[in-house]
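Everything on this sheet refers to the single structure shown next.
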Amino acid sequence: MSRPWSLFDDHLRLAVRLTPNGGRDVLDGVEADGEGEAFLKARVTAVTEKGKANKALILLIAKSLHLPKSSISLVSGETARRKILRIDGDPEDLVKKLEIFLG
């Protein structure tokens, strides 16, 4: 299976499928959709109103990867379950952190 990220010079982009109101804040591993595109599954307790779930997702990923939340931004998927996040930093370091975290 492919990885849910793509590398750029100064950041990586991470594909995520978010389940808001999911009972707990957790990253649930990597899955692929019908076209074989990989994404990181995430659940947050926050609801979708006023961007609360998006903020909770950014906070969850920042905590999980030990990054400042200011280094993570939403590129697309503001109101969709499928989102693309931009994570600023050295792409190689970020991949190592993701691989350690995801096992």
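Naming works like this for the structure tokens: A, B, ... for the chains as they're shown, residue 1 at the start of each chain, ligands 1 onward in shown order.
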Which polymer residues have any atom within 12 Å of an atom of stretch 2-9 of chain A, counting only C-alpha atoms, with same-chain residues fewer than 2 positions away left out, as an MDAnalysis selection string?
chainID A and resid 11:17 29:33 35:41 82:96 98:99 102
Run DSSP on the backbone and give me the residues of chain A it puts in strand (DSSP E or B), as a PyMOL selection string.
chain A and resi 5-7+11-19+26-32+38-43+72-76+82-88
Using DSSP secondary structure from the backbone, list all alpha helix (DSSP H) positions within chain A, as number ranges by chain.
A: 52-65, 91-102
For stretch 54-56 of chain A, list every protein, DNA or RNA residue within 7 Å, evaluated using only C-alpha atoms, and leave out those in the same chain fewer than 4 positions away; present the list as a list in words.
Val44, Ala46 and Leu60 of chain A
Residues from the last selection, N, CA and C atoms, saved as a tab-separated table (two decimals), in the first residue's frame:
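New file result19.tsv:
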chain	number	residue	atom	x	y	z
A	44	VAL	N	-11.72	12.30	16.29
A	44	VAL	CA	-11.65	13.32	17.34
A	44	VAL	C	-13.01	13.39	18.04
A	46	ALA	N	-14.28	16.18	19.06
A	46	ALA	CA	-14.89	17.46	18.69
A	46	ALA	C	-15.95	17.29	17.60
A	60	LEU	N	-4.17	17.04	17.52
A	60	LEU	CA	-3.87	15.62	17.68
A	60	LEU	C	-2.60	15.24	16.92
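Rounded to one decimal, atom CA of A:Ile100 and atom CA of A:Lys52 lie 27.5 Å from each other.
Comparing A:Leu27, A:Arg81, A:Pro68, A:Gly34 by their smallest distance to A:Ala53, the closest is A:Arg81 (using only C-alpha atoms).
Computed from the coordinates, the atom CA of A:His66 to atom CA of A:Glu49 distance equals 26.5 Å.
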If you measure from atom CA of A:Asn21 to atom CA of A:Glu78, what distance in Å do you get, rounded to one decimal?
15.9 Å
